[in-house]
Amino acid sequence: MSPLTDLIKNHPNANCFDLPPLPLDAEGMADDFRRYYAHTLGRDCDDQTIYYAYKALSITLRDRLVERWKNTRNAYDEADCKRTYYLSLEFLMGRALSNAMLNLGLNDAVAQGLYEMGLALEEIQDNEPDAGLGNGGLGRLAACFLDSCASLQLPVRGYGLRYEYGMFRQVIEGGEQHEEPDHWLRDGNPWELERPEFTQRIPFGGRTEASTDRFGRKSVRWIDTSDVLAVPYDVPVPGYRNDTVNTLRLWKAAATDEFNLDEFNAGSYPESVAQKNAAEHITMVLYPNDASECGEELRLRQQFFLASASIKDVLRDWIRRHGNDFTRFAERNCFQLNDTHPAVSVAELMRQLMDEHDLEWDAAWLIVRQTMAYTNHTLLPEALERWPVRLFRQLLPRILEIIFEINARFLAEVASRWPGDVDRQRRMSLIEEGYDPQVRMAYLAIVGSFSVNGVAALHSELLIDGLFRDFNELWPRKFNNKTNGVTQRRWLAMCNPGLRELLNETIGDGWVRDLSQLKQLEPFAADPAFRARWHAIKQENKQRLVEQVSQLCRVEFPLEAIFDVQVKRIHEYKRQLLNVLHVIHLYNRIKRGDTRNWTPRCVLIGGKAAPGYMMAKQIIKLINHVARTINGDPDTAGLLRMAFMPDYRVSLMEVIAPGTDLSEQISTAGKEASGTGNMKFMMNGAITIGTLDGANIEIREQVGDENFFLFGMTAAGVEARRQHYDPNGIIASDPALLEVMNLLESGHFNQFAGGAFDQVIFAIRNPHDPWMTAADFRNYIDVQEQAALAYRDRERWLRMSILNTARSGHFSSDRTITEYSRDIWHLDAVAPHTSA
Ligand SMILES: *Cc1c(COP(=O)(O)O)cnc(C)c1O
């Protein structure tokens with residue numbers, strides 16, 4: 001592309017690109033809206049598709065973001081500040097429109113401008129598809145972090161992949177999950193800006209060739225590669241009313257313009273052009289596995305594609321600003337790896353520094369070990385990524401050489417620290433030996449990083465006691481904890497406008513920037529008038545949820561019932577099964593007439609199962625069948641309802657969390673790294689029923705034991721119990737559980753499909769059940785009964801609810817990011833010069 005800047009710089013009207021600030025009032029924005037609608041999009045006002053109204057409004061707001069985006073970039077360049085790059089295969093962003101309006105402070109002006117044109121803002125907002133480029137918690141964490149970084153004015157850029165198809169849409173048919181493709185880009189994406197000028201070339205395959213120059217310097221070339229282009233698309237990330245707009249840069253794979261010469265010379269021009277398609281497959285689809293590895297070659301391609309393109313982009317920008325001198329690179333740059341998915345970055349940064357920028361091994365390694373930081377997200381062994389050495393050899397031969405060299409030097413370090421301890425060397429090796437040797441990606445990430453963090457206090461403790469014990473003995477100072485958080489902008493201010501206004505009126509609006517200010521709410525828990533207003537808002541939010549449930553599940557929830565909600569990925573460790581057992585128990589009680597002091601209850605469960613995870617799919621089917629039986633039984637009227645909400649996603653959670661009374665966080669202790677759904681519920685005044693797992697522990701510490709429904713074994717208790725776990729004995733000696741199992745096993749919930757739930761039943765009765773569902777049943781149903789009683793005492797419940805919100809300040813992702821910056825990134829905030 002031609003260097004436009006040179007042309008402009010020398011032009012007498014050099015300032016002709018300095019535009020006056022765009023208007024932020026209702027009228028000015030309405031003018032823009034009409035122009036985009038009529039001219040840019042070419043629609044008439046009698047074109048009755050509201051979609052184009054969404055599009056016109058998005059472009060109107062995007063213009064306001066772009067203004068501030070450039071100022072932010074310039075401010076970072078001028079300050080020449082240290083920067084962090086958040087590398088993640090997932091960013092679960094959800095919708096952008098309402099977030100942009102909130103963060104720009106344009107809610108009222110936009111609503112007014114639209115109202116004057118006879119348009120309803122809410123209807124327009126519902127036309128935006130979710131950006132579902134993630135599976136669950138890990139991807140949503142990345143999105144909350146970006147929001148916090150922009151709101152704290154930290155120079156942090158997200159790097160990810162622009163999947164053509166995001167997380168699948170879940171459809172329930174006959175009680176079973178079916179997956180439909182999510183072609184979220186079909187109608188275009190007004191929030192992205194293509195930047196073809198920053199395209200990178202990514203090598204795959206080929207072979208390596210070593211050579212020595214006349215000074216005896218060794219170098220390696222990676223040759224005969226099949227290259228794929230990486231084209232960046234930038235998404236603006238606005239901070240909260242602070243004129244900062246950061247960047248999420250997403251890479252799309254594209255074919256090079258080179259032909260497959262063999263095909264071409266054989267005269268098959270169309271075939272050779274068609275082959276280009278294969279390159280573009282790399283960013284075609286998000287892998288829908290949460291908390292389990294998949295082992296597909298395409299997935300490794302995705303990981304390297306992200307790592308290579310992002311690092312090239314960072315080095316290009318460094319060279320633009322500092323030339324080819326990397327001596328200060330480590331002082332000014334940091335890469336945060338979101339789980340091991342981008343861990344190949346460790347070797348790829350080595351490769352680029354050595355092979356493309358002529359650094360020696362030691363200099364390059366020093367840079368890597370001072371710039372890479374790794375966040376671990378799971379303790380489940382099945383989720384620990386390993387890639388076959390043979391796959392690396394075929395796909396990334398140069399990267400494999402570098403990994404071998406890193407490993408050889410690392411094992412020498414282990415040997416000198418523990419001479420003769422060969423078992424330790426075998427345990428700590430980056431390569432797991434065997435018939436089909438594997439690269440252990442977590443170990444590569446640990447060895448290549450200066451910081452390794454877990455995501456909640458318990459999780460970080462369990463990591464250094466278990467999985468990473470050897471590494472902690474070698475490098476204790478590397479390991480640290482950063483308890484997760486969520487952004488209160490989206491998860492309170494945006495999704496709960498009723499509560500937002502009450503909070504603003506009561507304690508001012510400082511909490512939107514500084515969530516610890518919610519503490520000021522505590523005294524109001526004792527104020528009956530305040531409690532009444534709190535109750536009224538909760539009921540309005542429950543009404544919104546009732547309408548969603550009615551529409552999506554065809555189940556009617558009575559407003560006065562306790563709304564008991566578990567929404568999250570469907571996984572055995574999260575124990576949706578335990579929830580179902582409790583519901584069946586309540587059903588049994590109703591059937592036998594044991595309903596004295598009954599609290600009407602509505603149980604809502606939602607979440608997606610990985611398409612290949614059969615047990616999770618059977619659990620979904622069970623939930624739907626139990627719900628159908630219960631809801632169809634006249635005896636349950638006014639006492640119990642159950643629904644499965646299809647296609648759980650960010651925009652649904654924005655309706656669910658504000659309308660929930662009781663938040664189910666019931667994983668087997670020691671298995672949920674942190675959880676973040678638990679924090680969204682707490683902020684919105686739901687009370688948790690939960691185990692001592694992940695961040696539940698810290699939630700309970702903050703809110704106090706009397707405002708939390710605790711049950712179940714501890715993590716240590718779980719491990720101790722494994723030796724002598726006897727679920728069949730537990731079932732036989734607990735009449736309630738026996739009755740539940742009898743009903744399940746009688747086929748009561750699968751009258752026309754014998755054996756449909758056999759696997760689920762077997763799992764509960766299995767002495768090797770890793771999740772020990774039966775072990776926690778008794779305590780769970782007892783504590784559920786306490787929760788039901790507490791709910792009947794409305795004033796007590798309201799006090800608890802208010803205190804949950806008031807004490808949720810610790811779970812802002814602003815707090816988390818402040819800790820990342822203080823302990824790992826060492827960033828300074830940089831404010832853009834305002835254009836006005
Ligand atoms: C917050 C969130 C999650 C994470 O929920 P957990 O209960 O922590 O597993 C998953 N999916 C969506 C859409 C979310 O908003």
# chains A, B, ... in the order shown; residues from 1 in each chain; ligands from 1
$ residues_around --residues "Asp823 in chain A" --least-positions-apart "6" --cutoff "10 Å" --atoms "only C-alpha atoms" --output "CSV table (one decimal) with N, CA and C atoms, in the first residue's frame"
chain,number,residue,atom,x,y,z
A,451,SER,N,5.8,-15.8,35.4
A,451,SER,CA,4.7,-15.8,36.4
A,451,SER,C,3.7,-16.9,36.0
A,480,ASN,N,1.7,-17.7,41.7
A,480,ASN,CA,0.9,-16.7,42.5
A,480,ASN,C,-0.6,-16.9,42.1
A,481,ASN,N,-1.4,-16.2,42.9
A,481,ASN,CA,-2.9,-16.3,42.7
A,481,ASN,C,-3.5,-15.0,42.2
A,482,LYS,N,-4.4,-15.1,41.3
A,482,LYS,CA,-5.2,-13.9,40.9
A,482,LYS,C,-6.7,-14.3,40.9
A,817,ILE,N,-7.7,-7.1,37.7
A,817,ILE,CA,-6.7,-6.5,36.8
A,817,ILE,C,-5.8,-5.6,37.5
$ residues_around --residues "range 358-369 of chain A" --least-positions-apart "6" --cutoff "7 Å" --atoms "only C-alpha atoms" --output "PyMOL selection string"
chain A and resi 330+346+349-350+448-450
$ closest_residue --among "A:Met653, A:Leu193, A:Leu229, A:Ala131" --to "ligand 1" --atoms "only C-alpha atoms and all ligand atoms"
A:Met653
$ closest_residue --among "A:Arg778, A:Ser151, A:Asp317, A:Thr247" --to "His585 in chain A" --atoms "only C-alpha atoms"
A:Arg778
$ closest_residue --among "A:Ala831, A:Ile619, A:Ile761, A:Ile59" --to "Asn71 in chain A" --atoms "only C-alpha atoms"
A:Ala831
$ residues_around --residues "Asp147 in chain A" --least-positions-apart "3" --cutoff "8 Å" --atoms "only C-alpha atoms" --output "ChimeraX atom specification"
/A:143-144,150-151,237-239,487
$ closest_residue --among "A:Val455, A:Met615, A:Ile172, A:Ile623" --to "Asp339 in chain A" --atoms "only C-alpha atoms"
A:Val455
$ residues_around --residues "Pro288 in chain A" --least-positions-apart "5" --cutoff "7 Å" --atoms "only C-alpha atoms" --output "PyMOL selection string"
chain A and resi 135+167+610
$ write_last_selection --atoms "all heavy atoms" --output "mmCIF file, in the first residue's frame"
data_model
loop_
_atom_site.group_PDB
_atom_site.id
_atom_site.type_symbol
_atom_site.label_atom_id
_atom_site.label_comp_id
_atom_site.auth_asym_id
_atom_site.auth_seq_id
_atom_site.Cartn_x
_atom_site.Cartn_y
_atom_site.Cartn_z
ATOM 1 N N ASN A 135 -16.308 -20.587 24.821
ATOM 2 C CA ASN A 135 -17.115 -21.677 25.347
ATOM 3 C C ASN A 135 -17.882 -21.294 26.601
ATOM 4 O O ASN A 135 -19.052 -21.634 26.740
ATOM 5 C CB ASN A 135 -16.214 -22.866 25.678
ATOM 6 C CG ASN A 135 -15.982 -23.747 24.472
ATOM 7 O OD1 ASN A 135 -16.844 -24.528 24.100
ATOM 8 N ND2 ASN A 135 -14.831 -23.594 23.833
ATOM 9 N N MET A 167 -19.583 -20.198 18.976
ATOM 10 C CA MET A 167 -20.155 -21.294 19.749
ATOM 11 C C MET A 167 -21.493 -21.725 19.127
ATOM 12 O O MET A 167 -22.320 -20.885 18.808
ATOM 13 C CB MET A 167 -20.390 -20.779 21.173
ATOM 14 C CG MET A 167 -20.765 -21.850 22.146
ATOM 15 S SD MET A 167 -19.472 -23.090 22.238
ATOM 16 C CE MET A 167 -20.436 -24.439 22.864
ATOM 17 N N ALA A 610 -20.584 -30.179 25.386
ATOM 18 C CA ALA A 610 -19.702 -30.371 24.233
ATOM 19 C C ALA A 610 -20.345 -31.450 23.362
ATOM 20 O O ALA A 610 -20.831 -32.459 23.881
ATOM 21 C CB ALA A 610 -18.315 -30.783 24.690
#
$ select_by_dssp --residues "range 208-428 of chain A" --states "alpha helix (DSSP H)" --output "PyMOL selection string"
chain A and resi 261-265+269-274+276-280+297-322+329-332+345-351+361-371+389-395+397-417+422-428
$ closest_residue --among "A:Asp77, A:Asp213, A:Glu672, A:Glu176" --to "ligand 1" --atoms "only C-alpha atoms and all ligand atoms"
A:Glu672
$ residues_around --residues "Arg299 in chain A" --least-positions-apart "5" --cutoff "12 Å" --atoms "only C-alpha atoms" --output "ChimeraX atom specification"
/A:89,161,281-289,293-294,304-306,341-342,385-387,391,395
$ write_last_selection --atoms "N, CA, C and O atoms" --output "short mmCIF file (atom, residue, chain, number, x, y, z; two decimals), in the first residue's frame"
data_model
loop_
_atom_site.label_atom_id
_atom_site.label_comp_id
_atom_site.auth_asym_id
_atom_site.auth_seq_id
_atom_site.Cartn_x
_atom_site.Cartn_y
_atom_site.Cartn_z
N LEU A 89 -7.47 -17.93 22.91
CA LEU A 89 -8.20 -18.55 21.80
C LEU A 89 -9.69 -18.21 21.88
O LEU A 89 -10.44 -18.54 20.96
N LEU A 161 -8.82 -15.02 17.70
CA LEU A 161 -9.14 -15.47 16.35
C LEU A 161 -10.55 -15.02 15.96
O LEU A 161 -11.46 -15.03 16.79
N HIS A 281 -9.70 -22.48 6.30
CA HIS A 281 -10.38 -23.31 7.30
C HIS A 281 -9.87 -23.05 8.70
O HIS A 281 -10.56 -23.33 9.68
N ILE A 282 -8.63 -22.53 8.82
CA ILE A 282 -8.03 -22.41 10.15
C ILE A 282 -8.91 -21.60 11.10
O ILE A 282 -9.07 -21.97 12.25
N THR A 283 -9.51 -20.52 10.63
CA THR A 283 -10.34 -19.72 11.53
C THR A 283 -11.83 -19.91 11.24
O THR A 283 -12.65 -19.03 11.54
N MET A 284 -12.17 -21.06 10.66
CA MET A 284 -13.59 -21.28 10.31
C MET A 284 -14.47 -21.44 11.55
O MET A 284 -15.54 -20.87 11.64
N VAL A 285 -13.99 -22.23 12.54
CA VAL A 285 -14.90 -22.57 13.63
C VAL A 285 -14.20 -22.68 14.99
O VAL A 285 -13.07 -23.16 15.08
N LEU A 286 -14.89 -22.20 16.02
CA LEU A 286 -14.46 -22.35 17.41
C LEU A 286 -14.66 -23.80 17.84
O LEU A 286 -15.74 -24.36 17.62
N TYR A 287 -13.65 -24.39 18.46
CA TYR A 287 -13.83 -25.73 19.04
C TYR A 287 -14.72 -25.65 20.27
O TYR A 287 -14.46 -24.86 21.18
N PRO A 288 -15.79 -26.46 20.28
CA PRO A 288 -16.81 -26.32 21.35
C PRO A 288 -16.51 -27.13 22.60
O PRO A 288 -17.43 -27.46 23.34
N ASN A 289 -15.26 -27.47 22.86
CA ASN A 289 -14.94 -28.23 24.07
C ASN A 289 -14.56 -27.31 25.19
O ASN A 289 -13.69 -26.46 25.04
N GLU A 293 -9.44 -31.55 26.42
CA GLU A 293 -8.62 -31.29 25.24
C GLU A 293 -9.23 -32.01 24.05
O GLU A 293 -10.03 -32.93 24.20
N CYS A 294 -8.88 -31.60 22.82
CA CYS A 294 -9.52 -32.25 21.70
C CYS A 294 -8.54 -33.00 20.79
O CYS A 294 -8.89 -34.00 20.20
N PHE A 304 -1.12 -22.18 16.83
CA PHE A 304 0.12 -21.59 16.31
C PHE A 304 -0.18 -20.35 15.48
O PHE A 304 0.57 -19.36 15.53
N PHE A 305 -1.27 -20.39 14.74
CA PHE A 305 -1.68 -19.26 13.91
C PHE A 305 -1.86 -18.01 14.77
O PHE A 305 -1.34 -16.92 14.46
N LEU A 306 -2.56 -18.16 15.90
CA LEU A 306 -2.75 -17.03 16.82
C LEU A 306 -1.41 -16.56 17.39
O LEU A 306 -1.11 -15.36 17.39
N HIS A 341 -3.66 -22.78 25.82
CA HIS A 341 -4.03 -22.74 24.39
C HIS A 341 -3.03 -21.96 23.54
O HIS A 341 -2.69 -22.39 22.45
N PRO A 342 -2.54 -20.79 24.00
CA PRO A 342 -1.51 -20.09 23.22
C PRO A 342 -0.08 -20.37 23.71
O PRO A 342 0.81 -19.57 23.44
N GLU A 385 -3.50 -29.90 28.22
CA GLU A 385 -3.18 -30.08 26.80
C GLU A 385 -1.84 -30.77 26.58
O GLU A 385 -0.83 -30.40 27.19
N ARG A 386 -1.87 -31.74 25.71
CA ARG A 386 -0.65 -32.40 25.27
C ARG A 386 -0.79 -32.60 23.77
O ARG A 386 -1.87 -32.93 23.28
N TRP A 387 0.29 -32.39 23.04
CA TRP A 387 0.25 -32.61 21.59
C TRP A 387 1.29 -33.63 21.20
O TRP A 387 2.43 -33.56 21.68
N LEU A 391 2.94 -34.85 15.51
CA LEU A 391 2.14 -33.80 14.91
C LEU A 391 2.95 -32.51 14.78
O LEU A 391 2.91 -31.82 13.75
N LEU A 395 3.85 -30.56 11.36
CA LEU A 395 3.18 -29.27 11.17
C LEU A 395 4.10 -28.09 11.48
O LEU A 395 4.05 -27.05 10.81
#
$ select_by_dssp --residues "range 43-243 of chain A" --states "strand (DSSP E)" --output "NGL selection string"
:A and (83-87 or 91-94 or 131-133 or 156-161 or 169-173 or 176-180 or 193-194 or 200-202 or 207-212 or 218-223 or 228-238)
$ write_last_selection --atoms "C-alpha atoms" --output "compact mmCIF listing (two decimals), in the first residue's frame"
# COMPACT_ATOMS: atom_id res chain seq x y z
CA ARG A 83 2.15 -2.82 27.13
CA THR A 84 0.50 -6.14 27.78
CA TYR A 85 -0.93 -8.50 25.17
CA TYR A 86 -3.69 -10.83 26.34
CA LEU A 87 -3.43 -13.94 24.16
CA PHE A 91 -13.22 -13.95 23.75
CA LEU A 92 -16.86 -14.36 24.76
CA MET A 93 -17.84 -10.73 24.17
CA GLY A 94 -21.62 -10.96 23.88
CA ALA A 131 -20.24 -12.43 19.60
CA GLY A 132 -19.95 -16.00 20.93
CA LEU A 133 -16.24 -16.59 20.32
CA VAL A 156 -3.56 -3.83 27.08
CA ARG A 157 -4.49 -5.33 23.75
CA GLY A 158 -6.40 -8.57 23.25
CA TYR A 159 -5.30 -10.99 20.54
CA GLY A 160 -7.64 -13.72 19.35
CA LEU A 161 -9.14 -15.47 16.35
CA ARG A 169 -26.57 -22.68 18.85
CA GLN A 170 -28.22 -25.21 21.10
CA VAL A 171 -31.67 -26.45 20.10
CA ILE A 172 -33.62 -28.88 22.25
CA GLU A 173 -35.70 -31.47 20.38
CA GLU A 176 -32.15 -33.70 23.53
CA GLN A 177 -29.46 -31.20 22.52
CA HIS A 178 -28.91 -30.55 18.84
CA GLU A 179 -26.20 -28.25 17.55
CA GLU A 180 -26.77 -25.66 14.85
CA LEU A 193 -12.52 -2.71 11.28
CA GLU A 194 -10.48 -4.74 8.80
CA GLN A 200 1.11 -11.38 8.44
CA ARG A 201 2.40 -14.53 6.78
CA ILE A 202 2.31 -17.69 8.90
CA ARG A 207 11.42 -28.69 6.89
CA THR A 208 14.38 -27.03 8.56
CA GLU A 209 17.86 -26.46 7.21
CA ALA A 210 20.82 -25.64 9.46
CA SER A 211 23.83 -23.71 8.25
CA THR A 212 26.96 -22.10 9.64
CA LYS A 218 24.86 -21.28 13.36
CA SER A 219 21.46 -20.48 11.99
CA VAL A 220 18.39 -22.42 11.00
CA ARG A 221 15.96 -21.74 8.21
CA TRP A 222 12.43 -23.10 8.10
CA ILE A 223 11.83 -23.75 4.40
CA VAL A 228 -1.23 -18.86 5.32
CA LEU A 229 -2.04 -15.17 5.60
CA ALA A 230 -3.32 -13.72 8.87
CA VAL A 231 -5.52 -10.66 8.33
CA PRO A 232 -6.35 -8.62 11.44
CA TYR A 233 -9.80 -7.26 12.29
CA ASP A 234 -9.89 -4.73 15.13
CA VAL A 235 -12.76 -4.49 17.58
CA PRO A 236 -12.97 -1.38 19.79
CA VAL A 237 -13.05 -1.92 23.57
CA PRO A 238 -14.39 1.22 25.28
$ residues_around --residues "Leu743 in chain A" --least-positions-apart "5" --cutoff "12 Å" --atoms "only C-alpha atoms" --output "number ranges by chain"
A: 581, 584-585, 587-588, 591, 626, 629, 736-738, 748-751, 757, 761
$ closest_residue --among "A:Ala525, A:Leu97, A:Ala774, A:Cys81" --to "Trp318 in chain A" --atoms "only C-alpha atoms"
A:Cys81
$ residues_around --residues "Ala673 in chain A" --least-positions-apart "2" --cutoff "6 Å" --atoms "only C-alpha atoms" --output "count of residues only"
3
$ atom_distance --atom1 "atom 12 (C, counted along the ligand's line) of ligand 1" --atom2 "CA of Glu654 in chain A"
9.6 Å
